[in-house]
Every structure is written in C-alpha cells, then in structure tokens.
Amino acid sequence: MGAGQPARGHVGVLPESVAGALAYCTFIPAIIFLLLEPYRRNRFLRFHSLQCVGLFLVVIVAVAVLRIASIGLAMVPSFGPLLVLLAAMLVGLGLFVIWLVLVVKALQGERFKLPLVGGYAERRAAD
C-alpha cells in the first residue's frame with residue numbers, strides 16, 4: 001500500500017485503521033504488533049507501530065533534557081521553577097497534540113509521517 005492510499009483492509013480481527021490507532025496507545029501494543037503474526041506483516045500497521053516506538057524514544061529524550069534543564073533553572077530564585085513548569089507544560093501539551101493527530105490520522109487510514117521518526121518508520125515498514 002502506498003503512502004497515498006488509505007487503509008481499507010483487516011489485519012487479524014481488527015480493521016487496519018483501528019489497529020494503527022491502537023498502536024499509539026502506549027508503546028506496548030506497538031511492540032506486540034511488531035512481534036505477532038499477522039500484524040507484523042501488515043505495512044500500514046508496521047509503519048504506525050514503528051513510528052510509535054520512535055515517538056516514545058523521542059519522549060524519553062525530551063524528558064531527560066527537561067530534567068537536566070530543570071536542575072539548572074531551579075537555581076534561579078522564584079523565576080526558575082516557574083520556567084521549568086512552563087516548559088514542562090508546553091512540551092506535554094505539544095506531545096499530546098502530536099499523539100492526538102497520529103491517532104486521528106491512523107483512524108482515517110492515513111500515514112502521517114513525523115519529521116524525525118516518520119522516515120525511519122516508513123523505510124523499515126517497507127522491508
């Protein structure tokens with residue numbers, strides 16, 4: 001299935017679009033879909049599962065960067081902790097919006113590529 005074609009079939013007992021959206025419900029379903037037949041043979045589902053795992057890794061890095069930045073900013077009296085809180089809220093909101101867009105696009109049967117991990121997921125899904 002090409003990038004422009006919507007998902008229309010079934011994989012296992014689930015429609016492709018529902019399975020693609022389920023892949024974004026934490027990284028656990030994504031890992032399960034990558035390991036179990038018949039899910040791992042489906043390119044659409046493999047793309048969304050790989051992109052979910054990649055997004056999870058990006059989240060881990062973002063949290064680590066926020067933690068390191070918070071140590072330095074916490075030393076700034078009264079304004080530092082506020083900046084840490086603001087940054088954490090903005091990053092959290094941004095990640096929530098990205099997650100929501102990915103779930104909606106998967107439910108619509110589309111492949112929505114993220115800038116960093118989407119290309120990798122697309123290449124690996126084609127293997």
# chains A, B, ... in the order shown; residues from 1 in each chain; ligands from 1
call {"tool": "residues_around", "arguments": {"residues": "Lys113 in chain A", "least_positions_apart": "5", "cutoff": "9 Å", "atoms": "only C-alpha atoms", "output": "PyMOL selection string"}}
result
chain A and resi 51+102+118-119+121-122
call {"tool": "write_last_selection", "arguments": {"atoms": "N, CA and C atoms", "output": "PDB file, in the first residue's frame"}}
result
ATOM      1  N   GLN A  51       6.584   3.984  14.199  1.00  0.00           N
ATOM      2  CA  GLN A  51       6.549   5.413  14.493  1.00  0.00           C
ATOM      3  C   GLN A  51       6.209   5.656  15.959  1.00  0.00           C
ATOM      4  N   LEU A 102      -1.738  11.814  15.446  1.00  0.00           N
ATOM      5  CA  LEU A 102      -1.346  10.489  14.962  1.00  0.00           C
ATOM      6  C   LEU A 102      -2.483   9.484  15.094  1.00  0.00           C
ATOM      7  N   GLY A 118       9.361   9.481  11.313  1.00  0.00           N
ATOM      8  CA  GLY A 118       8.476   9.008  10.251  1.00  0.00           C
ATOM      9  C   GLY A 118       9.210   8.394   9.071  1.00  0.00           C
ATOM     10  N   GLY A 119      10.311   9.009   8.669  1.00  0.00           N
ATOM     11  CA  GLY A 119      11.088   8.467   7.553  1.00  0.00           C
ATOM     12  C   GLY A 119      11.678   7.111   7.882  1.00  0.00           C
ATOM     13  N   ALA A 121      10.491   4.997  10.118  1.00  0.00           N
ATOM     14  CA  ALA A 121       9.383   4.049  10.213  1.00  0.00           C
ATOM     15  C   ALA A 121       8.922   3.629   8.824  1.00  0.00           C
ATOM     16  N   GLU A 122       8.879   4.571   7.901  1.00  0.00           N
ATOM     17  CA  GLU A 122       8.443   4.249   6.548  1.00  0.00           C
ATOM     18  C   GLU A 122       9.423   3.297   5.844  1.00  0.00           C
TER      19      GLU A 122
END
call {"tool": "select_by_dssp", "arguments": {"residues": "chain A", "states": "strand (DSSP E)", "output": "list of chain:residue names"}}
result
A:His10, A:Val11, A:Leu14, A:Pro15
call {"tool": "write_last_selection", "arguments": {"atoms": "N, CA and C atoms", "output": "short mmCIF file (atom, residue, chain, number, x, y, z; two decimals), in the first residue's frame"}}
result
data_model
loop_
_atom_site.label_atom_id
_atom_site.label_comp_id
_atom_site.auth_asym_id
_atom_site.auth_seq_id
_atom_site.Cartn_x
_atom_site.Cartn_y
_atom_site.Cartn_z
N HIS A 10 -8.39 -5.54 6.65
CA HIS A 10 -8.36 -6.03 8.03
C HIS A 10 -7.01 -6.69 8.28
N VAL A 11 -6.59 -6.63 9.52
CA VAL A 11 -5.40 -7.36 9.94
C VAL A 11 -5.81 -8.09 11.21
N LEU A 14 -9.04 -7.04 13.47
CA LEU A 14 -9.23 -5.58 13.53
C LEU A 14 -9.12 -4.95 12.15
N PRO A 15 -9.90 -3.91 11.89
CA PRO A 15 -9.65 -3.11 10.69
C PRO A 15 -8.26 -2.46 10.80
#
call {"tool": "residues_around", "arguments": {"residues": "Leu34 in chain A", "least_positions_apart": "2", "cutoff": "8 Å", "atoms": "only C-alpha atoms", "output": "number ranges by chain"}}
result
A: 30-32, 36, 39-40, 46, 49-50
call {"tool": "closest_residue", "arguments": {"among": "A:Glu37, A:Met89, A:Arg67, A:Phe44", "to": "Arg123 in chain A", "atoms": "only C-alpha atoms"}}
result
A:Phe44
call {"tool": "select_by_dssp", "arguments": {"residues": "range 13-127 of chain A", "states": "alpha helix (DSSP H)", "output": "PyMOL selection string"}}
result
chain A and resi 16-22+28-35+43-73+79-107+118-126
call {"tool": "closest_residue", "arguments": {"among": "A:Ala125, A:Ala21, A:Val13, A:Leu82", "to": "Val101 in chain A", "atoms": "only C-alpha atoms"}}
result
A:Ala21
call {"tool": "closest_atom_pairs", "arguments": {"of": "range 49-69 of chain A", "to": "range 93-100 of chain A", "cutoff": "10 Å", "atoms": "only C-alpha atoms", "output": "Markdown table"}}
result
| residue | atom | partner | partner_atom | distance |
| --- | --- | --- | --- | --- |
| A:Cys52 | CA | A:Trp99 | CA | 9.0 |
| A:Leu55 | CA | A:Trp99 | CA | 8.9 |
| A:Val58 | CA | A:Leu95 | CA | 9.9 |
| A:Val59 | CA | A:Leu95 | CA | 7.9 |
| A:Ala62 | CA | A:Leu95 | CA | 9.9 |
